$ cat query16.cif   # mmCIF, C-alpha atoms
data_target
#
loop_
_atom_site.group_PDB
_atom_site.id
_atom_site.type_symbol
_atom_site.label_atom_id
_atom_site.label_comp_id
_atom_site.auth_asym_id
_atom_site.auth_seq_id
_atom_site.Cartn_x
_atom_site.Cartn_y
_atom_site.Cartn_z
ATOM 1 C CA MET A 1 -260.717 96.527 -42.536
ATOM 2 C CA VAL A 2 -257.529 94.849 -41.306
ATOM 3 C CA LYS A 3 -254.927 96.851 -39.441
ATOM 4 C CA VAL A 4 -251.380 95.984 -40.526
ATOM 5 C CA ASN A 5 -248.507 97.583 -38.607
ATOM 6 C CA GLY A 6 -250.854 100.366 -37.572
ATOM 7 C CA ASP A 7 -252.198 101.110 -41.062
ATOM 8 C CA ILE A 8 -255.768 100.397 -42.173
ATOM 9 C CA THR A 9 -255.683 98.009 -45.147
ATOM 10 C CA SER A 10 -258.064 95.915 -47.212
ATOM 11 C CA PHE A 11 -256.494 92.498 -46.677
ATOM 12 C CA ASP A 12 -259.841 91.118 -45.486
ATOM 13 C CA GLY A 13 -260.321 87.632 -46.913
ATOM 14 C CA LYS A 14 -256.644 87.130 -47.705
ATOM 15 C CA THR A 15 -254.279 84.775 -45.936
ATOM 16 C CA VAL A 16 -251.259 85.851 -43.929
ATOM 17 C CA THR A 17 -249.060 84.236 -46.590
ATOM 18 C CA GLU A 18 -250.699 86.490 -49.195
ATOM 19 C CA LEU A 19 -250.296 89.555 -46.995
ATOM 20 C CA LEU A 20 -246.576 88.841 -46.589
ATOM 21 C CA ALA A 21 -246.071 88.241 -50.310
ATOM 22 C CA GLU A 22 -247.982 91.341 -51.415
ATOM 23 C CA ASN A 23 -245.996 93.533 -49.005
ATOM 24 C CA GLY A 24 -242.657 92.059 -50.063
ATOM 25 C CA TYR A 25 -241.809 90.357 -46.766
ATOM 26 C CA ASP A 26 -239.486 87.357 -46.677
ATOM 27 C CA PRO A 27 -241.407 84.774 -44.593
ATOM 28 C CA LYS A 28 -238.103 83.396 -43.285
ATOM 29 C CA ARG A 29 -237.290 86.721 -41.616
ATOM 30 C CA VAL A 30 -240.546 87.595 -39.926
ATOM 31 C CA ALA A 31 -242.584 86.982 -36.818
ATOM 32 C CA VAL A 32 -246.300 87.718 -37.123
ATOM 33 C CA GLU A 33 -248.501 88.922 -34.292
ATOM 34 C CA LEU A 34 -252.244 88.563 -34.827
ATOM 35 C CA ASN A 35 -254.578 90.183 -32.290
ATOM 36 C CA LEU A 36 -251.818 90.300 -29.648
ATOM 37 C CA ASP A 37 -250.718 86.660 -30.005
ATOM 38 C CA ILE A 38 -247.868 85.206 -32.015
ATOM 39 C CA LEU A 39 -249.118 83.353 -35.088
ATOM 40 C CA PRO A 40 -247.355 80.000 -35.600
ATOM 41 C CA LYS A 41 -245.574 79.846 -38.956
ATOM 42 C CA SER A 42 -247.474 76.667 -39.786
ATOM 43 C CA GLN A 43 -250.703 78.715 -39.776
ATOM 44 C CA TYR A 44 -249.647 81.472 -42.225
ATOM 45 C CA ASP A 45 -251.220 79.619 -45.164
ATOM 46 C CA SER A 46 -254.464 78.750 -43.432
ATOM 47 C CA THR A 47 -255.150 81.945 -41.496
ATOM 48 C CA VAL A 48 -257.629 84.130 -43.372
ATOM 49 C CA LEU A 49 -257.733 87.739 -42.188
ATOM 50 C CA LYS A 50 -261.105 89.179 -41.293
ATOM 51 C CA ASP A 51 -262.608 92.561 -40.520
ATOM 52 C CA GLY A 52 -261.316 93.920 -37.230
ATOM 53 C CA ASP A 53 -258.085 91.894 -37.178
ATOM 54 C CA SER A 54 -254.904 93.639 -36.145
ATOM 55 C CA VAL A 55 -251.621 92.302 -37.506
ATOM 56 C CA GLU A 56 -248.070 93.308 -36.756
ATOM 57 C CA VAL A 57 -245.342 91.936 -38.968
ATOM 58 C CA VAL A 58 -241.941 92.087 -37.303
ATOM 59 C CA SER A 59 -239.397 91.898 -40.101
ATOM 60 C CA PHE A 60 -235.932 91.244 -38.728
ATOM 61 C CA VAL A 61 -232.844 92.929 -40.141
ATOM 62 C CA GLY A 62 -229.256 91.754 -39.783
ATOM 63 C CA GLY A 63 -226.772 92.882 -37.160
ATOM 64 C CA GLY A 64 -225.913 91.853 -33.652
ATOM 65 C CA MET B 1 -208.615 87.875 -3.579
ATOM 66 C CA ILE B 2 -212.099 86.841 -4.632
ATOM 67 C CA PRO B 3 -214.830 88.074 -2.244
ATOM 68 C CA THR B 4 -216.963 85.465 -0.516
ATOM 69 C CA CYS B 5 -220.384 84.570 -1.843
ATOM 70 C CA GLU B 6 -221.932 86.217 1.213
ATOM 71 C CA ASP B 7 -220.016 89.458 0.611
ATOM 72 C CA MET B 8 -220.996 89.579 -3.061
ATOM 73 C CA TYR B 9 -224.634 88.837 -2.282
ATOM 74 C CA GLY B 10 -224.660 91.389 0.512
ATOM 75 C CA ALA B 11 -223.339 94.069 -1.851
ATOM 76 C CA LEU B 12 -226.079 93.250 -4.379
ATOM 77 C CA GLU B 13 -228.743 93.280 -1.669
ATOM 78 C CA ALA B 14 -227.519 96.643 -0.452
ATOM 79 C CA ARG B 15 -227.971 98.063 -3.961
ATOM 80 C CA HIS B 16 -231.130 96.296 -5.107
ATOM 81 C CA GLY B 17 -232.942 95.542 -1.882
ATOM 82 C CA ARG B 18 -233.536 92.087 -0.455
ATOM 83 C CA GLU B 19 -236.741 91.331 -2.338
ATOM 84 C CA LEU B 20 -235.519 92.261 -5.808
ATOM 85 C CA GLN B 21 -232.147 90.602 -5.336
ATOM 86 C CA LYS B 22 -233.890 87.360 -4.379
ATOM 87 C CA LYS B 23 -235.829 87.493 -7.670
ATOM 88 C CA LEU B 24 -232.665 88.258 -9.638
ATOM 89 C CA SER B 25 -230.783 85.411 -7.975
ATOM 90 C CA GLU B 26 -233.541 82.951 -8.828
ATOM 91 C CA ALA B 27 -233.720 83.978 -12.502
ATOM 92 C CA LYS B 28 -232.367 81.835 -15.321
ATOM 93 C CA VAL B 29 -231.691 83.716 -18.526
ATOM 94 C CA ALA B 30 -230.529 82.286 -21.861
ATOM 95 C CA VAL B 31 -228.373 84.515 -24.058
ATOM 96 C CA CYS B 32 -228.488 83.184 -27.615
ATOM 97 C CA GLY B 33 -225.668 84.562 -29.721
ATOM 98 C CA LEU B 34 -222.619 86.097 -28.039
ATOM 99 C CA GLY B 35 -221.596 88.832 -30.456
ATOM 100 C CA GLY B 36 -222.054 92.540 -29.912
ATOM 101 C CA LEU B 37 -225.517 92.129 -28.430
ATOM 102 C CA GLY B 38 -225.112 88.952 -26.411
ATOM 103 C CA SER B 39 -221.685 89.610 -24.926
ATOM 104 C CA ASN B 40 -222.743 93.070 -23.757
ATOM 105 C CA ALA B 41 -226.160 91.985 -22.490
ATOM 106 C CA ALA B 42 -224.603 89.106 -20.552
ATOM 107 C CA VAL B 43 -222.162 91.468 -18.824
ATOM 108 C CA HIS B 44 -225.048 93.669 -17.661
ATOM 109 C CA LEU B 45 -227.041 90.668 -16.429
ATOM 110 C CA ALA B 46 -224.081 89.192 -14.545
ATOM 111 C CA ARG B 47 -223.371 92.545 -12.896
ATOM 112 C CA ALA B 48 -227.031 92.859 -11.902
ATOM 113 C CA GLY B 49 -226.817 89.599 -9.983
ATOM 114 C CA VAL B 50 -228.863 87.316 -12.226
ATOM 115 C CA GLY B 51 -228.470 83.866 -10.708
ATOM 116 C CA GLU B 52 -227.986 81.759 -13.817
ATOM 117 C CA LEU B 53 -226.886 82.590 -17.340
ATOM 118 C CA MET B 54 -226.941 80.094 -20.190
ATOM 119 C CA LEU B 55 -224.612 81.181 -22.991
ATOM 120 C CA PHE B 56 -224.988 79.900 -26.562
ATOM 121 C CA ASP B 57 -222.680 80.526 -29.519
ATOM 122 C CA MET B 58 -220.902 78.242 -31.947
ATOM 123 C CA ASP B 59 -218.204 80.774 -32.974
ATOM 124 C CA LYS B 60 -214.695 81.461 -31.789
ATOM 125 C CA VAL B 61 -213.345 84.892 -30.861
ATOM 126 C CA ASP B 62 -211.980 86.586 -33.983
ATOM 127 C CA ILE B 63 -209.913 89.733 -34.387
ATOM 128 C CA THR B 64 -212.839 91.321 -36.261
ATOM 129 C CA ASN B 65 -215.001 90.967 -33.130
ATOM 130 C CA LEU B 66 -212.879 93.147 -30.875
ATOM 131 C CA HIS B 67 -214.270 96.474 -32.107
ATOM 132 C CA ARG B 68 -217.642 95.878 -30.452
ATOM 133 C CA GLN B 69 -217.772 92.643 -28.489
ATOM 134 C CA GLN B 70 -216.749 91.975 -24.888
ATOM 135 C CA TYR B 71 -213.653 89.904 -25.624
ATOM 136 C CA PHE B 72 -209.937 90.486 -25.158
ATOM 137 C CA THR B 73 -206.908 89.931 -27.379
ATOM 138 C CA ASP B 74 -205.723 87.062 -25.194
ATOM 139 C CA GLN B 75 -209.028 85.270 -25.931
ATOM 140 C CA LEU B 76 -208.586 85.219 -29.723
ATOM 141 C CA GLY B 77 -209.331 81.752 -31.064
ATOM 142 C CA GLN B 78 -211.199 80.616 -27.962
ATOM 143 C CA PRO B 79 -214.849 79.574 -28.186
ATOM 144 C CA LYS B 80 -216.924 82.687 -27.448
ATOM 145 C CA ALA B 81 -219.101 80.863 -24.925
ATOM 146 C CA ALA B 82 -216.107 79.756 -22.854
ATOM 147 C CA ALA B 83 -214.298 83.091 -23.201
ATOM 148 C CA LEU B 84 -217.339 85.071 -22.093
ATOM 149 C CA ALA B 85 -218.004 82.636 -19.240
ATOM 150 C CA GLU B 86 -214.464 83.301 -18.021
ATOM 151 C CA THR B 87 -214.967 87.076 -18.182
ATOM 152 C CA LEU B 88 -218.327 86.886 -16.424
ATOM 153 C CA GLY B 89 -216.720 84.715 -13.758
ATOM 154 C CA ARG B 90 -214.344 87.573 -12.986
ATOM 155 C CA ILE B 91 -217.297 89.991 -12.638
ATOM 156 C CA ALA B 92 -219.731 87.716 -10.820
ATOM 157 C CA PRO B 93 -217.932 84.627 -9.507
ATOM 158 C CA TYR B 94 -221.071 83.140 -7.962
ATOM 159 C CA CYS B 95 -223.312 83.494 -10.999
ATOM 160 C CA LYS B 96 -224.025 80.016 -12.359
ATOM 161 C CA ILE B 97 -222.862 80.105 -15.954
ATOM 162 C CA THR B 98 -223.186 77.356 -18.519
ATOM 163 C CA ALA B 99 -221.270 77.787 -21.776
ATOM 164 C CA HIS B 100 -222.660 75.998 -24.822
ATOM 165 C CA GLU B 101 -220.501 75.936 -27.952
ATOM 166 C CA VAL B 102 -223.348 74.859 -30.172
ATOM 167 C CA LYS B 103 -225.511 76.070 -33.033
ATOM 168 C CA LEU B 104 -229.115 76.428 -31.862
ATOM 169 C CA THR B 105 -231.473 74.734 -34.324
ATOM 170 C CA GLU B 106 -235.090 73.666 -34.391
ATOM 171 C CA ASP B 107 -233.850 70.178 -33.484
ATOM 172 C CA ASN B 108 -232.046 71.083 -30.260
ATOM 173 C CA MET B 109 -233.719 74.246 -28.916
ATOM 174 C CA ALA B 110 -236.545 72.464 -27.123
ATOM 175 C CA GLU B 111 -234.017 70.626 -24.967
ATOM 176 C CA LEU B 112 -231.369 73.342 -24.581
ATOM 177 C CA LEU B 113 -233.747 76.179 -23.701
ATOM 178 C CA LYS B 114 -236.293 74.302 -21.615
ATOM 179 C CA ASP B 115 -235.003 75.410 -18.205
ATOM 180 C CA CYS B 116 -234.656 79.169 -18.694
ATOM 181 C CA HIS B 117 -237.287 81.774 -17.833
ATOM 182 C CA ILE B 118 -236.263 84.474 -20.288
ATOM 183 C CA VAL B 119 -234.538 84.222 -23.680
ATOM 184 C CA CYS B 120 -232.420 87.007 -25.183
ATOM 185 C CA GLU B 121 -232.235 86.755 -28.980
ATOM 186 C CA CYS B 122 -228.803 88.136 -29.818
ATOM 187 C CA PHE B 123 -228.056 86.581 -33.206
ATOM 188 C CA ASP B 124 -226.758 88.629 -36.127
ATOM 189 C CA LYS B 125 -228.542 87.110 -39.149
ATOM 190 C CA ALA B 126 -232.183 88.044 -39.778
ATOM 191 C CA ASP B 127 -233.381 84.522 -40.608
ATOM 192 C CA ARG B 128 -231.733 83.103 -37.478
ATOM 193 C CA LYS B 129 -233.408 85.804 -35.369
ATOM 194 C CA ALA B 130 -236.808 84.931 -36.816
ATOM 195 C CA MET B 131 -236.235 81.200 -36.318
ATOM 196 C CA LEU B 132 -235.378 81.569 -32.630
ATOM 197 C CA VAL B 133 -238.157 84.045 -31.877
ATOM 198 C CA ASN B 134 -240.841 81.975 -33.575
ATOM 199 C CA PHE B 135 -239.663 78.726 -32.027
ATOM 200 C CA VAL B 136 -239.588 80.033 -28.478
ATOM 201 C CA LEU B 137 -242.913 81.875 -28.705
ATOM 202 C CA GLU B 138 -244.651 78.916 -30.359
ATOM 203 C CA ASN B 139 -243.218 76.189 -28.128
ATOM 204 C CA PHE B 140 -242.672 77.904 -24.783
ATOM 205 C CA PRO B 141 -245.630 80.231 -24.201
ATOM 206 C CA ASP B 142 -244.583 80.859 -20.589
ATOM 207 C CA LYS B 143 -241.115 82.176 -21.440
ATOM 208 C CA TYR B 144 -240.310 85.768 -22.250
ATOM 209 C CA MET B 145 -238.478 86.584 -25.485
ATOM 210 C CA ILE B 146 -236.388 89.739 -25.706
ATOM 211 C CA ALA B 147 -235.223 90.129 -29.307
ATOM 212 C CA ALA B 148 -233.265 92.781 -31.180
ATOM 213 C CA SER B 149 -233.493 94.169 -34.694
ATOM 214 C CA GLY B 150 -231.837 97.283 -36.087
ATOM 215 C CA MET B 151 -228.689 98.579 -34.375
ATOM 216 C CA ALA B 152 -226.176 98.865 -37.237
ATOM 217 C CA GLY B 153 -224.601 102.022 -38.584
ATOM 218 C CA LEU B 154 -224.147 105.343 -36.862
ATOM 219 C CA ALA B 155 -227.608 106.902 -36.800
ATOM 220 C CA SER B 156 -228.813 108.466 -33.567
ATOM 221 C CA ALA B 157 -228.851 106.130 -30.601
ATOM 222 C CA ASN B 158 -232.149 107.806 -29.675
ATOM 223 C CA GLU B 159 -233.851 105.763 -32.404
ATOM 224 C CA ILE B 160 -233.216 102.582 -30.431
ATOM 225 C CA CYS B 161 -236.075 101.658 -28.151
ATOM 226 C CA THR B 162 -237.894 98.695 -26.606
ATOM 227 C CA ARG B 163 -241.345 97.757 -27.857
ATOM 228 C CA ARG B 164 -243.758 95.150 -26.567
ATOM 229 C CA ILE B 165 -245.171 93.106 -29.465
ATOM 230 C CA THR B 166 -247.133 90.440 -27.562
ATOM 231 C CA LYS B 167 -247.541 89.633 -23.882
ATOM 232 C CA HIS B 168 -244.227 87.735 -23.820
ATOM 233 C CA PHE B 169 -242.385 89.231 -26.826
ATOM 234 C CA TYR B 170 -240.337 92.417 -26.632
ATOM 235 C CA LEU B 171 -238.289 93.910 -29.460
ATOM 236 C CA CYS B 172 -235.340 96.264 -29.009
ATOM 237 C CA GLY B 173 -233.619 98.298 -31.706
ATOM 238 C CA ASP B 174 -234.467 100.902 -34.325
ATOM 239 C CA GLY B 175 -236.360 98.236 -36.288
ATOM 240 C CA HIS B 176 -234.886 98.921 -39.706
ATOM 241 C CA THR B 177 -231.117 99.558 -39.929
ATOM 242 C CA ASP B 178 -229.702 96.429 -41.570
ATOM 243 C CA VAL B 179 -225.975 95.791 -41.264
ATOM 244 C CA ASN B 180 -225.985 94.634 -44.879
ATOM 245 C CA GLU B 181 -226.998 98.164 -45.927
ATOM 246 C CA ALA B 182 -225.351 100.241 -43.186
ATOM 247 C CA GLY B 183 -222.084 98.398 -43.792
ATOM 248 C CA THR B 184 -220.868 98.124 -40.244
ATOM 249 C CA LEU B 185 -221.688 98.051 -36.557
ATOM 250 C CA PHE B 186 -220.305 100.325 -33.860
ATOM 251 C CA ALA B 187 -219.673 99.192 -30.275
ATOM 252 C CA SER B 188 -221.569 102.125 -28.853
ATOM 253 C CA ARG B 189 -224.785 101.728 -30.844
ATOM 254 C CA VAL B 190 -224.868 97.937 -30.492
ATOM 255 C CA ALA B 191 -224.251 98.314 -26.769
ATOM 256 C CA VAL B 192 -227.235 100.685 -26.481
ATOM 257 C CA CYS B 193 -229.428 97.977 -27.972
ATOM 258 C CA ALA B 194 -227.880 95.275 -25.772
ATOM 259 C CA ALA B 195 -228.489 97.463 -22.728
ATOM 260 C CA HIS B 196 -232.145 97.840 -23.766
ATOM 261 C CA GLN B 197 -232.395 94.045 -23.871
ATOM 262 C CA ALA B 198 -230.709 93.574 -20.505
ATOM 263 C CA ASN B 199 -232.818 96.324 -18.956
ATOM 264 C CA MET B 200 -236.023 94.696 -20.156
ATOM 265 C CA VAL B 201 -234.872 91.345 -18.763
ATOM 266 C CA ILE B 202 -234.246 92.940 -15.389
ATOM 267 C CA ARG B 203 -237.584 94.777 -15.499
ATOM 268 C CA ILE B 204 -239.420 91.525 -16.200
ATOM 269 C CA ILE B 205 -237.613 89.806 -13.332
ATOM 270 C CA ALA B 206 -238.635 92.727 -11.123
ATOM 271 C CA GLY B 207 -242.272 92.235 -12.166
ATOM 272 C CA GLU B 208 -242.521 95.158 -14.597
ATOM 273 C CA THR B 209 -244.139 94.381 -17.931
ATOM 274 C CA GLU B 210 -244.152 97.732 -19.715
ATOM 275 C CA PRO B 211 -241.260 98.258 -22.155
#

$ encode --input "query16.cif" --output "structure tokens"
Amino acid sequence: MVKVNGDITSFDGKTVTELLAENGYDPKRVAVELNLDILPKSQYDSTVLKDGDSVEVVSFVGGG
Amino acid sequence: MIPTCEDMYGALEARHGRELQKKLSEAKVAVCGLGGLGSNAAVHLARAGVGELMLFDMDKVDITNLHRQQYFTDQLGQPKAAALAETLGRIAPYCKITAHEVKLTEDNMAELLKDCHIVCECFDKADRKAMLVNFVLENFPDKYMIAASGMAGLASANEICTRRITKHFYLCGDGHTDVNEAGTLFASRVAVCAAHQANMVIRIIAGETEP
């Protein structure tokens, strides 16, 4: 099980790029935390999620 | 008449205590984007006695900014960075302020942000926010990033909060209200979010890490 933004999901074995795409996130507007550290954008394609991982996707909205 | 540096510092010490004021005076904070978030956050930080503020914005003061941003009619047309630096100079004449009329990009951020301790992300566009946050957290692991997302519209100000995402990454806002859907921004609600950012900056300087 992989926790994504607090919810238990079955993204085990999928990459962060796949997680973002399947949840409708625009990769240009997000920051991704994996197990309490920021995940560099260059590693979205190569990072495969595994059982026990905890992910938070911060999806920015406009306004300032 | 402008008070002396000693008088200003003494007044800050009397309010904050000697130890905390020393930390505030030694802090260097970058404010990236000087719209509703950045102009308000910078005012709070200057008033609190932060020693150095680095201001970044490529825009000029426009009449459509006056409803929520800390500018005045006699500053219309001026670069925001210079106009805000002037205003902050009237509040805190001994705060070291550098005004940068520049667009922050992945090509210049490493150089322009290298000296600050804490970065406030105060941009208005979502992709620009993400670019700055990712760049700083990936390239400067020792710096703190205080970002903002979700302060448009007129929903309850109680929805706006500060969350800690990673050890050095804090996020202020309601997290979801997009100006492109809400249609507008109000001074009051944006200022609540800016105050959350400034408060977290000051807490970090004081040694507090909880949001």

$ closest_atom_pairs --input "query16.cif" --of "chain B" --to "chain A" --cutoff "7 Å" --atoms "only C-alpha atoms" --output "JSON lines"
{"residue": "B:Gly35", "atom": "CA", "partner": "A:Gly64", "partner_atom": "CA", "distance": 6.2}
{"residue": "B:Gly36", "atom": "CA", "partner": "A:Gly64", "partner_atom": "CA", "distance": 5.4}
{"residue": "B:Leu37", "atom": "CA", "partner": "A:Gly64", "partner_atom": "CA", "distance": 5.2}
{"residue": "B:Cys122", "atom": "CA", "partner": "A:Gly64", "partner_atom": "CA", "distance": 6.1}
{"residue": "B:Phe123", "atom": "CA", "partner": "A:Gly64", "partner_atom": "CA", "distance": 5.7}
{"residue": "B:Asp124", "atom": "CA", "partner": "A:Gly64", "partner_atom": "CA", "distance": 4.2}
{"residue": "B:Lys125", "atom": "CA", "partner": "A:Gly62", "partner_atom": "CA", "distance": 4.7}
{"residue": "B:Ala126", "atom": "CA", "partner": "A:Gly62", "partner_atom": "CA", "distance": 4.7}
{"residue": "B:Asp127", "atom": "CA", "partner": "A:Arg29", "partner_atom": "CA", "distance": 4.6}
{"residue": "B:Lys129", "atom": "CA", "partner": "A:Phe60", "partner_atom": "CA", "distance": 6.9}
{"residue": "B:Ala130", "atom": "CA", "partner": "A:Arg29", "partner_atom": "CA", "distance": 5.1}
{"residue": "B:Asn134", "atom": "CA", "partner": "A:Ala31", "partner_atom": "CA", "distance": 6.2}
{"residue": "B:Leu137", "atom": "CA", "partner": "A:Ile38", "partner_atom": "CA", "distance": 6.8}
{"residue": "B:Glu138", "atom": "CA", "partner": "A:Pro40", "partner_atom": "CA", "distance": 6.0}
{"residue": "B:Ser149", "atom": "CA", "partner": "A:Phe60", "partner_atom": "CA", "distance": 5.5}
{"residue": "B:Gly150", "atom": "CA", "partner": "A:Val61", "partner_atom": "CA", "distance": 6.0}
{"residue": "B:Met151", "atom": "CA", "partner": "A:Gly63", "partner_atom": "CA", "distance": 6.6}
{"residue": "B:Ala152", "atom": "CA", "partner": "A:Gly63", "partner_atom": "CA", "distance": 6.0}
{"residue": "B:Thr166", "atom": "CA", "partner": "A:Leu36", "partner_atom": "CA", "distance": 5.1}
{"residue": "B:His176", "atom": "CA", "partner": "A:Val61", "partner_atom": "CA", "distance": 6.3}
{"residue": "B:Thr177", "atom": "CA", "partner": "A:Val61", "partner_atom": "CA", "distance": 6.9}
{"residue": "B:Asp178", "atom": "CA", "partner": "A:Val61", "partner_atom": "CA", "distance": 4.9}
{"residue": "B:Val179", "atom": "CA", "partner": "A:Gly63", "partner_atom": "CA", "distance": 5.1}
{"residue": "B:Asn180", "atom": "CA", "partner": "A:Gly62", "partner_atom": "CA", "distance": 6.7}
{"residue": "B:Val190", "atom": "CA", "partner": "A:Gly64", "partner_atom": "CA", "distance": 6.9}

$ resolve_selection --input "query16.cif" --expression "the PyMOL selection byres ((chain A and resi 48) around 6)" --output "PyMOL selection string"
chain A and resi 13-15+47+49

$ atom_distance --input "query16.cif" --atom1 "CA of His67 (chain B)" --atom2 "CA of Met200 (chain B)"
24.9 Å

$ atom_distance --input "query16.cif" --atom1 "CA of Arg203 (chain B)" --atom2 "CA of Asn108 (chain B)"
28.5 Å

$ resolve_selection --input "query16.cif" --expression "the PyMOL selection byres ((chain A and resi 5) around 7)" --output "VMD selection string"
chain A and resid 3 to 4 6 to 7 55 to 57

$ residues_near_point --input "query16.cif" --point "(-228.5, 95.7, -25.1)" --cutoff "9 Å" --atoms "all atoms listed in the file" --output "PyMOL selection string"
chain B and resi 36-38+40-42+44+122+148+172-173+190-199

$ write_last_selection --input "query16.cif" --atoms "C-alpha atoms" --output "PDB file, in the frame of the given file"
ATOM      1  CA  GLY B  36    -222.054  92.540 -29.912  1.00  0.00           C
ATOM      2  CA  LEU B  37    -225.517  92.129 -28.430  1.00  0.00           C
ATOM      3  CA  GLY B  38    -225.112  88.952 -26.411  1.00  0.00           C
ATOM      4  CA  ASN B  40    -222.743  93.070 -23.757  1.00  0.00           C
ATOM      5  CA  ALA B  41    -226.160  91.985 -22.490  1.00  0.00           C
ATOM      6  CA  ALA B  42    -224.603  89.106 -20.552  1.00  0.00           C
ATOM      7  CA  HIS B  44    -225.048  93.669 -17.661  1.00  0.00           C
ATOM      8  CA  CYS B 122    -228.803  88.136 -29.818  1.00  0.00           C
ATOM      9  CA  ALA B 148    -233.265  92.781 -31.180  1.00  0.00           C
ATOM     10  CA  CYS B 172    -235.340  96.264 -29.009  1.00  0.00           C
ATOM     11  CA  GLY B 173    -233.619  98.298 -31.706  1.00  0.00           C
ATOM     12  CA  VAL B 190    -224.868  97.937 -30.492  1.00  0.00           C
ATOM     13  CA  ALA B 191    -224.251  98.314 -26.769  1.00  0.00           C
ATOM     14  CA  VAL B 192    -227.235 100.685 -26.481  1.00  0.00           C
ATOM     15  CA  CYS B 193    -229.428  97.977 -27.972  1.00  0.00           C
ATOM     16  CA  ALA B 194    -227.880  95.275 -25.772  1.00  0.00           C
ATOM     17  CA  ALA B 195    -228.489  97.463 -22.728  1.00  0.00           C
ATOM     18  CA  HIS B 196    -232.145  97.840 -23.766  1.00  0.00           C
ATOM     19  CA  GLN B 197    -232.395  94.045 -23.871  1.00  0.00           C
ATOM     20  CA  ALA B 198    -230.709  93.574 -20.505  1.00  0.00           C
ATOM     21  CA  ASN B 199    -232.818  96.324 -18.956  1.00  0.00           C
TER      22      ASN B 199
END

$ axis_aligned_box --input "query16.cif" --around "region 52-66 of chain B" --padding-each-side "6 Å" --output "AutoDock Vina command-line options"
--center_x -218.9 --center_y 85.7 --center_z -25.0 --size_x 30.1 --size_y 26.9 --size_z 34.4

$ atom_distance --input "query16.cif" --atom1 "CA of Ile146 (chain B)" --atom2 "CA of Gly52 (chain A)"
27.8 Å

$ resolve_selection --input "query16.cif" --expression "the PyMOL selection byres ((chain B and resi 60) around 6)" --output "PyMOL selection string"
chain B and resi 59+61+77-80

$ closest_residue --input "query16.cif" --among "B:Ile160, B:Ile205, B:Ala147, B:Val119" --to "Leu20 (chain B)" --atoms "only C-alpha atoms"
B:Ile205

$ closest_residue --input "query16.cif" --among "B:Tyr94, B:Ile204, B:Gln69, B:Leu55" --to "Val31 (chain B)" --atoms "only C-alpha atoms"
B:Leu55

$ closest_residue --input "query16.cif" --among "B:Leu132, B:Cys5, B:Leu66, B:Ala92" --to "Ala110 (chain B)" --atoms "all atoms listed in the file"
B:Leu132

$ closest_residue --input "query16.cif" --among "B:Thr4, B:Glu86, B:Cys32, B:Leu24" --to "His100 (chain B)" --atoms "all atoms listed in the file"
B:Cys32

$ decode --input "query16.cif" --residues "region 110-144 of chain B" --atoms "C-alpha atoms" --output "CSV table (one decimal), in the first residue's frame"
chain,number,residue,atom,x,y,z
B,110,ALA,CA,21.2,29.8,-7.9
B,111,GLU,CA,23.1,33.1,-7.9
B,112,LEU,CA,20.4,35.5,-6.7
B,113,LEU,CA,19.1,33.4,-3.8
B,114,LYS,CA,22.4,31.9,-2.6
B,115,ASP,CA,22.9,34.3,0.4
B,116,CYS,CA,19.4,34.2,2.0
B,117,HIS,CA,18.4,31.8,4.9
B,118,ILE,CA,14.7,31.7,4.2
B,119,VAL,CA,12.7,32.1,0.9
B,120,CYS,CA,9.1,33.3,0.8
B,121,GLU,CA,7.4,32.1,-2.4
B,122,CYS,CA,4.9,34.9,-3.2
B,123,PHE,CA,4.3,34.4,-6.9
B,124,ASP,CA,0.8,34.4,-8.4
B,125,LYS,CA,1.0,31.8,-11.1
B,126,ALA,CA,0.9,28.1,-10.2
B,127,ASP,CA,3.7,26.9,-12.5
B,128,ARG,CA,6.0,29.7,-11.2
B,129,LYS,CA,5.3,28.7,-7.6
B,130,ALA,CA,6.1,25.1,-8.4
B,131,MET,CA,9.3,26.1,-10.2
B,132,LEU,CA,10.6,28.2,-7.4
B,133,VAL,CA,9.7,25.7,-4.6
B,134,ASN,CA,11.3,22.8,-6.4
B,135,PHE,CA,14.4,24.7,-7.4
B,136,VAL,CA,15.1,25.9,-3.9
B,137,LEU,CA,14.3,22.6,-2.1
B,138,GLU,CA,16.4,20.6,-4.6
B,139,ASN,CA,19.4,23.0,-4.8
B,140,PHE,CA,19.5,24.6,-1.3
B,141,PRO,CA,18.7,21.9,1.2
B,142,ASP,CA,19.7,24.1,4.1
B,143,LYS,CA,17.3,26.9,3.3
B,144,TYR,CA,13.7,27.1,4.4
